[in-house]
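Everything below concerns the one structure shown next.
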Amino acid sequence: MTRPAVVYDINVFVNAVVAEDAEWPYLAQVPPATSNPEADCLSLAFDSQEFGLFTSLHILENVARVLRDFGWTHSTVEDYVEALTELVETSGGAVLDPERQVFDVPDFEDNLILDLAVACGAMLVVSDDTDLTTLSPWHQRIAILRPRDFVQRIVQQRRR
């Protein structure tokens with residue numbers, strides 16, 4: 001059985017490790033949820049039975065760029081990007097390089113996130129970007145949820 005595809009925006013991967021309450025490389029098992037919903041999103045993908053996580057070369061490159069801007073060393077950034085790639089593959093997802101086909105949002109970067117969602121047939125995008133979350137459901141089929149809402153949804157599914 002193929003798991004539904006989910007896409008995490010760049011801000012999820014970054015905030016999981018740079019927020020004040022980040023404990024990377026430690027990931028708490030969810031549930032219960034922690035005070036860092038982005039880290040909880042990583043944890044859910046790590047042990048997910050509910051979805052496969054997909055990402056793109058674009059997302060990984062931008063995560064690396066932002067973390068370097070935060071002062072992370074080259075080797076630490078490489079280690080984190082490698083861990084994300086393994087996380088994606090472990091979840092049943094993949095790293096893709098989707099072709100450009102979405103031009104719905106004024107922000108070029110947001111369109112690239114939606115390109116990935118289309119390419120992998122995502123049912124859901126997780127983002128803390130208001131420009132994206134206000135589109136939900138995008139094209140009447142792809143939900144766009146904030147990290148905390150996504151975590152709550154998965155936790156509720158697991159309780160059933």
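Ordering of the structure tokens sets the chain letters (A, B, ...); residue numbers start at 1 within each chain; ligands are numbered from 1 in the order shown.
In the backbone-derived DSSP annotation, strand (DSSP E) within chain A comprises Ala5, Val6, Val7, Tyr8, Gly52, Leu53, Phe54, Thr55, Ser56, Val95, Leu96, Leu124, Val125, Val126, Ala143, Ile144 and Leu145 of chain A.
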Handout entry: Backbone DSSP call of alpha helix (DSSP H) for chain A, listed as a ChimeraX atom specification
Key = /A:10-18,37-46,57-69,74-90,108-120,130-133,147-159
Exercise for the section: Please measure the separation of atom CA of Leu27 of chain A and atom CA of Ile113 of chain A, giving the value in Å to one decimal. Expected result: 24.6 Å
For segment 39-134 of chain A versus segment 144-157 of chain A, which residues have an atom no more than 12 Å away, and what is each residue's nearest atom pair and distance in Å rounded to one decimal, using only C-alpha atoms, chain-then-number order, as JSON lines?
```
{"residue": "A:Ala39", "atom": "CA", "partner": "A:Pro147", "partner_atom": "CA", "distance": 9.1}
{"residue": "A:Asp40", "atom": "CA", "partner": "A:Val151", "partner_atom": "CA", "distance": 6.8}
{"residue": "A:Cys41", "atom": "CA", "partner": "A:Val151", "partner_atom": "CA", "distance": 6.3}
{"residue": "A:Leu42", "atom": "CA", "partner": "A:Val151", "partner_atom": "CA", "distance": 9.9}
{"residue": "A:Ser43", "atom": "CA", "partner": "A:Val151", "partner_atom": "CA", "distance": 9.7}
{"residue": "A:Leu44", "atom": "CA", "partner": "A:Val151", "partner_atom": "CA", "distance": 7.7}
{"residue": "A:Ala45", "atom": "CA", "partner": "A:Val151", "partner_atom": "CA", "distance": 10.4}
{"residue": "A:Asp47", "atom": "CA", "partner": "A:Ile154", "partner_atom": "CA", "distance": 11.7}
{"residue": "A:Ser48", "atom": "CA", "partner": "A:Ile154", "partner_atom": "CA", "distance": 9.4}
{"residue": "A:Gln49", "atom": "CA", "partner": "A:Ile154", "partner_atom": "CA", "distance": 10.2}
{"residue": "A:Glu50", "atom": "CA", "partner": "A:Ile154", "partner_atom": "CA", "distance": 7.8}
{"residue": "A:Phe51", "atom": "CA", "partner": "A:Ile154", "partner_atom": "CA", "distance": 9.7}
{"residue": "A:Asp110", "atom": "CA", "partner": "A:Ile144", "partner_atom": "CA", "distance": 11.8}
{"residue": "A:Ile113", "atom": "CA", "partner": "A:Ile144", "partner_atom": "CA", "distance": 11.0}
{"residue": "A:Leu114", "atom": "CA", "partner": "A:Ile144", "partner_atom": "CA", "distance": 10.1}
{"residue": "A:Ala117", "atom": "CA", "partner": "A:Ile144", "partner_atom": "CA", "distance": 10.3}
{"residue": "A:Ala122", "atom": "CA", "partner": "A:Ile144", "partner_atom": "CA", "distance": 10.2}
{"residue": "A:Met123", "atom": "CA", "partner": "A:Ile144", "partner_atom": "CA", "distance": 8.8}
{"residue": "A:Leu124", "atom": "CA", "partner": "A:Ile144", "partner_atom": "CA", "distance": 5.7}
{"residue": "A:Val125", "atom": "CA", "partner": "A:Ile144", "partner_atom": "CA", "distance": 4.7}
{"residue": "A:Val126", "atom": "CA", "partner": "A:Leu145", "partner_atom": "CA", "distance": 5.0}
{"residue": "A:Ser127", "atom": "CA", "partner": "A:Arg146", "partner_atom": "CA", "distance": 5.1}
{"residue": "A:Asp128", "atom": "CA", "partner": "A:Arg146", "partner_atom": "CA", "distance": 5.1}
{"residue": "A:Asp129", "atom": "CA", "partner": "A:Arg146", "partner_atom": "CA", "distance": 8.0}
{"residue": "A:Thr130", "atom": "CA", "partner": "A:Arg146", "partner_atom": "CA", "distance": 8.8}
{"residue": "A:Asp131", "atom": "CA", "partner": "A:Ile144", "partner_atom": "CA", "distance": 10.3}
{"residue": "A:Leu132", "atom": "CA", "partner": "A:Ile144", "partner_atom": "CA", "distance": 6.8}
{"residue": "A:Thr133", "atom": "CA", "partner": "A:Ile144", "partner_atom": "CA", "distance": 5.2}
{"residue": "A:Thr134", "atom": "CA", "partner": "A:Ile144", "partner_atom": "CA", "distance": 8.0}
```
Resulting file, chosen residues, N, CA and C atoms, as a compact mmCIF listing (two decimals), in the first residue's frame:
```txt
# COMPACT_ATOMS: atom_id res chain seq x y z
N ALA A 39 9.72 20.42 14.97
CA ALA A 39 10.47 19.22 15.37
C ALA A 39 9.53 18.03 15.47
N ASP A 40 8.31 18.26 15.95
CA ASP A 40 7.32 17.19 16.01
C ASP A 40 6.99 16.67 14.61
N CYS A 41 6.97 17.57 13.64
CA CYS A 41 6.74 17.14 12.25
C CYS A 41 7.84 16.19 11.79
N LEU A 42 9.09 16.51 12.13
CA LEU A 42 10.20 15.61 11.77
C LEU A 42 10.03 14.27 12.47
N SER A 43 9.67 14.30 13.73
CA SER A 43 9.47 13.07 14.48
C SER A 43 8.37 12.22 13.86
N LEU A 44 7.29 12.84 13.48
CA LEU A 44 6.18 12.11 12.86
C LEU A 44 6.61 11.46 11.55
N ALA A 45 7.43 12.15 10.77
CA ALA A 45 7.91 11.58 9.52
C ALA A 45 8.85 10.41 9.79
N ASP A 47 8.84 8.20 12.22
CA ASP A 47 8.17 6.95 12.57
C ASP A 47 6.80 6.81 11.90
N SER A 48 6.63 7.51 10.79
CA SER A 48 5.32 7.58 10.16
C SER A 48 4.89 6.27 9.53
N GLN A 49 3.67 5.96 9.82
CA GLN A 49 2.97 4.90 9.10
C GLN A 49 1.85 5.52 8.28
N GLU A 50 1.62 6.82 8.52
CA GLU A 50 0.49 7.51 7.90
C GLU A 50 0.82 8.17 6.57
N PHE A 51 2.08 8.54 6.33
CA PHE A 51 2.41 9.30 5.12
C PHE A 51 3.86 9.10 4.73
N ASP A 110 7.27 30.01 -3.13
CA ASP A 110 6.05 29.29 -2.80
C ASP A 110 5.58 28.45 -3.99
N ILE A 113 7.36 25.16 -4.00
CA ILE A 113 6.79 24.21 -3.03
C ILE A 113 5.57 23.53 -3.65
N LEU A 114 4.73 24.32 -4.30
CA LEU A 114 3.55 23.76 -4.94
C LEU A 114 3.91 22.87 -6.13
N ALA A 117 4.51 19.60 -4.64
CA ALA A 117 3.25 18.97 -4.23
C ALA A 117 2.55 18.33 -5.43
N ALA A 122 0.93 15.15 -3.72
CA ALA A 122 0.71 15.37 -2.28
C ALA A 122 -0.75 15.63 -1.97
N MET A 123 -1.17 15.11 -0.83
CA MET A 123 -2.50 15.42 -0.32
C MET A 123 -2.43 16.60 0.64
N LEU A 124 -1.18 16.93 1.07
CA LEU A 124 -1.03 17.92 2.11
C LEU A 124 0.35 18.57 2.04
N VAL A 125 0.38 19.88 2.29
CA VAL A 125 1.62 20.64 2.45
C VAL A 125 1.61 21.21 3.86
N VAL A 126 2.76 21.12 4.54
CA VAL A 126 2.89 21.68 5.88
C VAL A 126 3.80 22.89 5.78
N SER A 127 3.28 24.05 6.20
CA SER A 127 4.01 25.30 6.07
C SER A 127 3.54 26.29 7.12
N ASP A 128 4.46 27.17 7.52
CA ASP A 128 4.08 28.27 8.40
C ASP A 128 4.03 29.58 7.63
N ASP A 129 3.98 29.48 6.30
CA ASP A 129 3.95 30.63 5.41
C ASP A 129 2.49 31.00 5.14
N THR A 130 2.08 32.17 5.60
CA THR A 130 0.70 32.61 5.45
C THR A 130 0.27 32.69 3.99
N ASP A 131 1.20 33.07 3.10
CA ASP A 131 0.85 33.12 1.68
C ASP A 131 0.39 31.76 1.18
N LEU A 132 0.96 30.69 1.72
CA LEU A 132 0.55 29.34 1.32
C LEU A 132 -0.68 28.87 2.10
N THR A 133 -0.69 29.08 3.41
CA THR A 133 -1.80 28.54 4.20
C THR A 133 -3.13 29.18 3.84
N THR A 134 -3.11 30.42 3.36
CA THR A 134 -4.37 31.05 2.96
C THR A 134 -4.93 30.47 1.67
```
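Shortest separation to Pro98 of chain A among A:Asp115, A:Glu20, A:Asp9, A:Glu78 occurs at residue A:Asp115, atoms counted being only C-alpha atoms.
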Practice task
Tell me, in Å to one decimal, how far atom CA of Asn11 of chain A is from atom CA of Phe70 of chain A.
Solution key: 13.2 Å
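Using only C-alpha atoms, the contacts of Glu89 of chain A at a cut-off of 10 Å, with sequence neighbours closer than 6 positions omitted, comprise Ala45, Phe46, Gly52, Leu53, Phe54, Thr55, Ala83 and Val95 of chain A.
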Problem - Contact residues around Leu67 of chain A with only C-alpha atoms at 9 Å, ignoring same-chain residues under 6 positions, as an MDAnalysis selection string - result: chainID A and resid 14 18 73 77
Convert the current residue selection to file output with N, CA and C atoms, as a PDB file, in the first residue's frame.
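For reference, part_10.pdb as written:
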```
ATOM      1  N   VAL A  14      13.777  24.183   8.856  1.00  0.00           N
ATOM      2  CA  VAL A  14      14.661  25.145   9.534  1.00  0.00           C
ATOM      3  C   VAL A  14      14.223  25.354  10.978  1.00  0.00           C
ATOM      4  N   VAL A  18      16.320  25.436  14.689  1.00  0.00           N
ATOM      5  CA  VAL A  18      16.832  26.744  15.134  1.00  0.00           C
ATOM      6  C   VAL A  18      15.942  27.426  16.167  1.00  0.00           C
ATOM      7  N   THR A  73      28.082  25.543  10.719  1.00  0.00           N
ATOM      8  CA  THR A  73      29.264  25.196   9.931  1.00  0.00           C
ATOM      9  C   THR A  73      28.856  24.378   8.712  1.00  0.00           C
ATOM     10  N   VAL A  77      25.808  21.589   8.519  1.00  0.00           N
ATOM     11  CA  VAL A  77      24.736  21.733   7.531  1.00  0.00           C
ATOM     12  C   VAL A  77      24.662  20.478   6.666  1.00  0.00           C
TER      13      VAL A  77
END
```
